[in-house]
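Printed here is target.cif (mmCIF, C-alpha atoms):
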```cif
data_query
#
loop_
_atom_site.label_atom_id
_atom_site.label_comp_id
_atom_site.auth_asym_id
_atom_site.auth_seq_id
_atom_site.Cartn_x
_atom_site.Cartn_y
_atom_site.Cartn_z
CA MET A 1 1.55 22.33 -24.15
CA ILE A 2 3.33 20.52 -21.31
CA ASN A 3 6.93 21.73 -21.00
CA ILE A 4 9.22 19.25 -19.27
CA ILE A 5 12.74 19.22 -17.86
CA LEU A 6 14.29 15.73 -17.75
CA ALA A 7 16.67 15.02 -14.87
CA ASP A 8 18.57 11.72 -14.92
CA ASP A 9 22.29 10.99 -14.69
CA HIS A 10 22.09 8.39 -17.47
CA HIS A 11 22.18 10.00 -20.90
CA ILE A 12 20.67 7.01 -22.67
CA ILE A 13 17.67 7.01 -20.31
CA ARG A 14 17.07 10.74 -20.86
CA THR A 15 17.25 10.21 -24.61
CA SER A 16 14.81 7.28 -24.45
CA ILE A 17 12.29 9.12 -22.28
CA LYS A 18 12.49 12.21 -24.49
CA ALA A 19 11.83 10.14 -27.63
CA LEU A 20 8.96 8.39 -25.89
CA ILE A 21 7.06 11.43 -24.67
CA GLU A 22 7.79 13.92 -27.45
CA LYS A 23 6.10 11.73 -30.03
CA HIS A 24 2.86 12.73 -28.36
CA GLU A 25 1.36 16.05 -29.36
CA GLY A 26 1.34 18.68 -26.65
CA ILE A 27 4.49 17.53 -24.82
CA ASN A 28 7.84 19.28 -25.18
CA VAL A 29 11.16 18.57 -23.46
CA VAL A 30 12.77 21.98 -22.91
CA ALA A 31 15.96 20.67 -21.30
CA GLU A 32 17.86 17.53 -20.22
CA VAL A 33 20.19 17.58 -17.22
CA PRO A 34 22.15 14.97 -15.21
CA ASP A 35 21.20 16.02 -11.66
CA GLY A 36 18.95 18.10 -9.43
CA LEU A 37 21.42 20.95 -9.02
CA ALA A 38 21.44 21.49 -12.77
CA VAL A 39 17.64 21.71 -12.67
CA LEU A 40 17.80 24.49 -10.07
CA GLU A 41 20.38 26.33 -12.15
CA LEU A 42 18.03 26.25 -15.15
CA LEU A 43 15.10 27.54 -13.10
CA GLU A 44 17.22 30.32 -11.62
CA LYS A 45 18.20 31.39 -15.14
CA GLY A 46 14.53 31.65 -16.10
CA THR A 47 13.89 28.37 -17.90
CA LYS A 48 10.13 27.75 -17.85
CA ALA A 49 8.86 24.24 -17.23
CA ASP A 50 5.54 22.83 -16.08
CA ILE A 51 6.96 19.50 -14.92
CA ILE A 52 10.36 18.18 -13.89
CA LEU A 53 10.55 14.47 -14.65
CA SER A 54 13.30 13.34 -12.31
CA ASP A 55 15.11 10.23 -11.17
CA ILE A 56 15.80 9.79 -7.44
CA VAL A 57 19.44 8.66 -7.39
CA MET A 58 21.54 11.43 -8.95
CA PRO A 59 24.85 13.11 -8.08
CA ARG A 60 25.05 16.49 -6.33
CA LEU A 61 21.29 16.73 -5.65
CA ASP A 62 18.93 13.74 -5.71
CA GLY A 63 15.29 13.72 -6.77
CA ILE A 64 13.80 13.88 -3.28
CA ALA A 65 16.04 16.78 -2.25
CA LEU A 66 15.17 18.49 -5.53
CA ALA A 67 11.42 18.20 -4.85
CA ASN A 68 11.90 19.60 -1.36
CA THR A 69 14.03 22.52 -2.59
CA ILE A 70 11.56 23.44 -5.33
CA LYS A 71 8.75 23.44 -2.79
CA GLU A 72 10.72 25.60 -0.37
CA ARG A 73 11.68 28.12 -3.06
CA GLY A 74 8.11 28.40 -4.29
CA TYR A 75 8.63 27.44 -7.93
CA ASN A 76 5.41 26.66 -9.80
CA THR A 77 6.93 23.72 -11.64
CA LYS A 78 5.83 20.27 -10.42
CA VAL A 79 8.17 17.36 -9.76
CA VAL A 80 7.27 13.89 -11.03
CA VAL A 81 9.69 11.22 -9.81
CA LEU A 82 10.41 8.38 -12.22
CA SER A 83 12.57 5.79 -10.50
CA ILE A 84 13.62 2.16 -10.62
CA LEU A 85 13.21 2.10 -6.83
CA GLU A 86 9.79 0.65 -6.01
CA ASP A 87 10.13 0.54 -2.23
CA GLU A 88 7.19 2.34 -0.62
CA LYS A 89 9.48 4.41 1.61
CA TYR A 90 10.99 6.18 -1.41
CA ALA A 91 7.55 6.99 -2.80
CA SER A 92 6.42 8.23 0.60
CA ASN A 93 9.53 10.39 1.09
CA ALA A 94 9.19 11.87 -2.39
CA LEU A 95 5.53 12.81 -1.96
CA ILE A 96 6.10 14.23 1.51
CA SER A 97 9.03 16.25 0.17
CA GLY A 98 6.80 17.93 -2.39
CA ALA A 99 6.75 15.69 -5.46
CA PHE A 100 3.39 15.55 -7.21
CA ALA A 101 3.83 11.98 -8.43
CA TYR A 102 5.96 8.89 -8.05
CA LEU A 103 6.30 6.40 -10.89
CA SER A 104 8.36 3.24 -11.30
CA LYS A 105 10.37 3.00 -14.51
CA ASP A 106 8.61 -0.18 -15.63
CA ILE A 107 5.23 1.54 -16.06
CA GLU A 108 3.45 1.46 -19.39
CA GLU A 109 3.60 4.44 -21.71
CA ASP A 110 -0.09 5.26 -21.32
CA GLU A 111 0.22 5.43 -17.54
CA LEU A 112 3.11 7.89 -17.81
CA LEU A 113 1.07 10.11 -20.14
CA PHE A 114 -1.96 9.86 -17.87
CA CYS A 115 0.19 10.87 -14.90
CA LEU A 116 1.64 13.92 -16.66
CA LYS A 117 -1.82 15.17 -17.62
CA HIS A 118 -3.13 14.40 -14.13
CA VAL A 119 -0.33 16.39 -12.51
CA MET A 120 -0.92 19.31 -14.87
CA LYS A 121 -4.37 19.60 -13.28
CA GLY A 122 -2.71 20.03 -9.90
CA LYS A 123 -3.45 16.49 -8.76
CA ARG A 124 -1.08 13.94 -7.27
CA TYR A 125 -0.40 10.44 -8.56
CA LEU A 126 1.19 7.21 -7.36
CA SER A 127 2.23 4.44 -9.73
CA SER A 128 -0.43 1.72 -9.97
CA ASN A 129 1.96 -1.15 -9.19
CA ILE A 130 3.11 0.61 -6.01
CA CYS A 131 -0.52 1.24 -5.03
CA ILE A 132 -1.27 -2.47 -5.45
CA SER A 133 1.78 -3.36 -3.34
CA ILE A 134 0.60 -1.03 -0.57
CA LEU A 135 -2.94 -2.44 -0.67
CA GLU A 136 -1.64 -6.02 -0.56
CA ARG A 137 0.54 -5.23 2.45
CA PHE A 138 -2.33 -3.40 4.15
CA ASN A 139 -4.65 -6.33 3.53
CA THR A 140 -2.08 -8.73 5.00
CA GLN A 141 -1.75 -6.57 8.09
CA LEU A 142 -5.54 -6.42 8.48
CA ASN A 143 -5.77 -10.20 8.25
CA MET A 144 -3.00 -10.62 10.81
CA LEU A 145 -4.74 -8.15 13.12
CA SER A 146 -8.05 -9.94 12.64
CA ARG A 147 -6.48 -13.30 13.49
CA LYS A 148 -4.83 -11.81 16.54
CA MET A 149 -8.13 -10.30 17.71
CA ASN A 150 -9.87 -13.61 17.16
CA THR A 151 -7.31 -15.56 19.12
CA ASP A 152 -7.28 -13.17 22.08
CA ILE A 153 -10.77 -14.19 23.21
CA ASN A 154 -11.42 -14.44 26.92
CA PHE A 155 -13.50 -17.58 27.42
CA THR A 156 -15.18 -18.39 30.72
CA GLU A 157 -14.44 -21.72 32.39
CA ARG A 158 -17.86 -23.04 31.38
CA GLU A 159 -17.30 -21.97 27.75
CA ILE A 160 -13.97 -23.80 27.65
CA ASN A 161 -15.58 -26.93 29.10
CA VAL A 162 -18.40 -26.83 26.56
CA LEU A 163 -15.92 -26.12 23.77
CA LYS A 164 -13.81 -29.14 24.65
CA LEU A 165 -16.85 -31.43 24.71
CA ILE A 166 -18.08 -30.07 21.39
CA ALA A 167 -14.63 -30.87 19.99
CA ASP A 168 -15.00 -34.41 21.37
CA GLY A 169 -18.13 -34.77 19.24
CA LEU A 170 -20.71 -34.88 22.05
CA THR A 171 -24.30 -33.87 21.37
CA ASN A 172 -26.00 -31.04 23.25
CA GLN A 173 -27.80 -33.55 25.48
CA GLU A 174 -24.60 -35.49 26.21
CA ILE A 175 -22.81 -32.24 27.12
CA ALA A 176 -25.74 -31.22 29.32
CA ASP A 177 -25.64 -34.53 31.18
CA LYS A 178 -21.87 -34.37 31.64
CA LEU A 179 -21.84 -30.77 32.95
CA TYR A 180 -25.15 -30.99 34.84
CA LEU A 181 -26.76 -28.32 32.68
CA SER A 182 -30.03 -28.17 30.79
CA ARG A 183 -29.98 -28.96 27.10
CA ARG A 184 -31.32 -25.45 26.37
CA THR A 185 -28.37 -23.92 28.25
CA VAL A 186 -25.89 -25.98 26.23
CA GLU A 187 -27.61 -24.98 22.98
CA SER A 188 -27.36 -21.32 23.97
CA GLN A 189 -23.72 -21.82 24.97
CA ARG A 190 -22.89 -23.40 21.60
CA GLU A 191 -24.52 -20.52 19.72
CA ALA A 192 -22.71 -17.99 21.90
CA LEU A 193 -19.35 -19.66 21.18
CA ILE A 194 -20.00 -19.58 17.44
CA SER A 195 -20.90 -15.89 17.67
CA LYS A 196 -17.96 -15.04 19.93
CA THR A 197 -15.39 -16.64 17.64
CA GLY A 198 -16.94 -15.38 14.42
CA THR A 199 -17.23 -18.92 13.07
CA LYS A 200 -20.13 -20.25 10.98
CA ASN A 201 -21.05 -23.56 12.58
CA SER A 202 -19.91 -26.21 15.05
CA ALA A 203 -17.39 -27.71 12.63
CA SER A 204 -15.66 -24.38 11.99
CA LEU A 205 -15.85 -23.63 15.73
CA VAL A 206 -13.91 -26.83 16.44
CA ARG A 207 -11.33 -26.00 13.75
CA PHE A 208 -10.89 -22.54 15.26
CA ALA A 209 -10.46 -23.99 18.76
CA MET A 210 -7.88 -26.54 17.60
CA ARG A 211 -5.97 -24.10 15.42
CA ASN A 212 -5.63 -21.62 18.26
CA GLY A 213 -4.82 -24.11 21.00
CA TYR A 214 -8.03 -23.98 23.02
CA VAL A 215 -8.51 -27.75 22.62
CA ASP A 216 -6.14 -30.56 21.73
#
```
How does this structure look as structure tokens?
Amino acid sequence: MINIILADDHHIIRTSIKALIEKHEGINVVAEVPDGLAVLELLEKGTKADIILSDIVMPRLDGIALANTIKERGYNTKVVVLSILEDEKYASNALISGAFAYLSKDIEEDELLFCLKHVMKGKRYLSSNICISILERFNTQLNMLSRKMNTDINFTEREINVLKLIADGLTNQEIADKLYLSRRTVESQREALISKTGTKNSASLVRFAMRNGYVD
């Protein structure tokens, strides 16, 4: 049996959540309160609960402060934050403060149930939509970093000269004649430029050079 205290300052939300989770066998709401301070008062009076399902924004004591206080006082009950706030900073602050999970209020019923059972095993959980948001932002940052690294290439004077002539459409022999180099040297230079810029061929090398201002 999972015994739960609901903490939310909106009565209709508490009622809805209670109706939602108590229809599942093995879950029991032992109390409903409007704020974090009321939760602490219940625990101090001896109310037993495995999980506190709490909102963040509440009067007197908010959800993050509640998680932190429960951690500091050494209660065994675990805080699961269920909030409309999907900003990553709130999730991060809640988990750092001692919450075992952070869920957004638009999650599906099965994810909420999965989270409660997961937390009962002593594990932590972050809402899937927030995880996706974090991964998307991380991927964007990686791409931006990759582009920055690619554009901060230190080319030699010869490489720039060869690059400009490649962009002009000259063949290896024509470049060799123009720069007084052997054709083999120009071929090696072209391959080195492709490798250095991480491009696939001469066409993509030229696009890279134009996009990043190395040639006009």
Take the PyMOL selection byres ((chain A and resi 201-210) around 10), apply it to the structure above, and return the hits as a list in words.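 On the file shown, the PyMOL selection byres ((chain A and resi 201-210) around 10) covers Asn150, Thr151, Ile160, Leu163, Lys164, Leu165, Ile166, Ala167, Asp168, Gly169, Arg190, Glu191, Leu193, Ile194, Ser195, Lys196, Thr197, Gly198, Thr199, Lys200, Arg211, Asn212, Gly213, Tyr214, Val215 and Asp216 of chain A.
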To test your reading of the syntax: which residues would the PyMOL selection byres ((chain A and resi 79) around 10) return for the file shown? Reply as a list in words.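 Applying the expression gives Ile4, Ile5, Asp50, Ile51, Ile52, Leu53, Ser54, Gly63, Ile64, Leu66, Ala67, Asn68, Ile70, Lys71, Asn76, Thr77, Lys78, Val80, Val81, Leu82, Ala94, Leu95, Gly98, Ala99, Phe100, Ala101, Tyr102 and Val119 of chain A.
Our summary of the geometry notes that CA of Tyr75 in chain A is positioned 16.3 Å from CA of Lys123 in chain A.
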Can you find the residues with an atom no farther than 12 Å from (2.3, 5.4, -20.9), counting all atoms listed in the file, and report them as a ChimeraX atom specification? /A:17,20-21,23-24,103-117,127-128
Please list as a PyMOL selection string every residue within 9 Å of His11 in chain A, counting only C-alpha atoms and excluding residues in the same chain fewer than 2 positions away. chain A and resi 8-9+13-16+32-34
Under the rule that all atoms listed in the file are counted, which of A:Asp62, A:Ile12, A:Cys131, A:Glu136 is the nearest residue to Ser92 in chain A?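 Closest residue, counting all atoms listed in the file: A:Cys131.
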Could you state the separation of CA of Arg124 in chain A and CA of Gly36 in chain A in Å, given to one decimal place? 20.6 Å
Report, in Å to a single decimal, how far apart CA of Phe138 in chain A and CA of Lys121 in chain A are.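 About the pair CA of Lys121 in chain A and CA of Phe138 in chain A: they are 28.9 Å apart.
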With only C-alpha atoms as the basis for distance, which of A:Lys178, A:Gln189, A:Ser133, A:Gly74 is at the shortest distance from Glu44 in chain A? A:Gly74
So which one's closest to Ser97 in chain A, A:Ala19, A:Ala176, A:Ala65, A:Leu85? Using only C-alpha atoms, please.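 Nearest candidate to Ser97 in chain A out of A:Ala19, A:Ala176, A:Ala65, A:Leu85: A:Ala65.
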Proximity to Ile130 in chain A - best of A:Ser83, A:Asn161, A:Thr171, A:Asn154, only C-alpha atoms: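 Selected residue with least distance to Ile130 in chain A: A:Ser83.
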Kindly indicate which residue among A:Ile175, A:Ala91, A:Leu40, A:Ala7 lies nearest to Tyr125 in chain A, using all atoms listed in the file for the distances.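 So, comparing all the options, the nearest one is A:Ala91.
Distances here use all atoms listed in the file; by that measure, the residue among A:Val30, A:Leu126, A:Ile84, A:Leu37 closest to Ile56 in chain A is A:Ile84.
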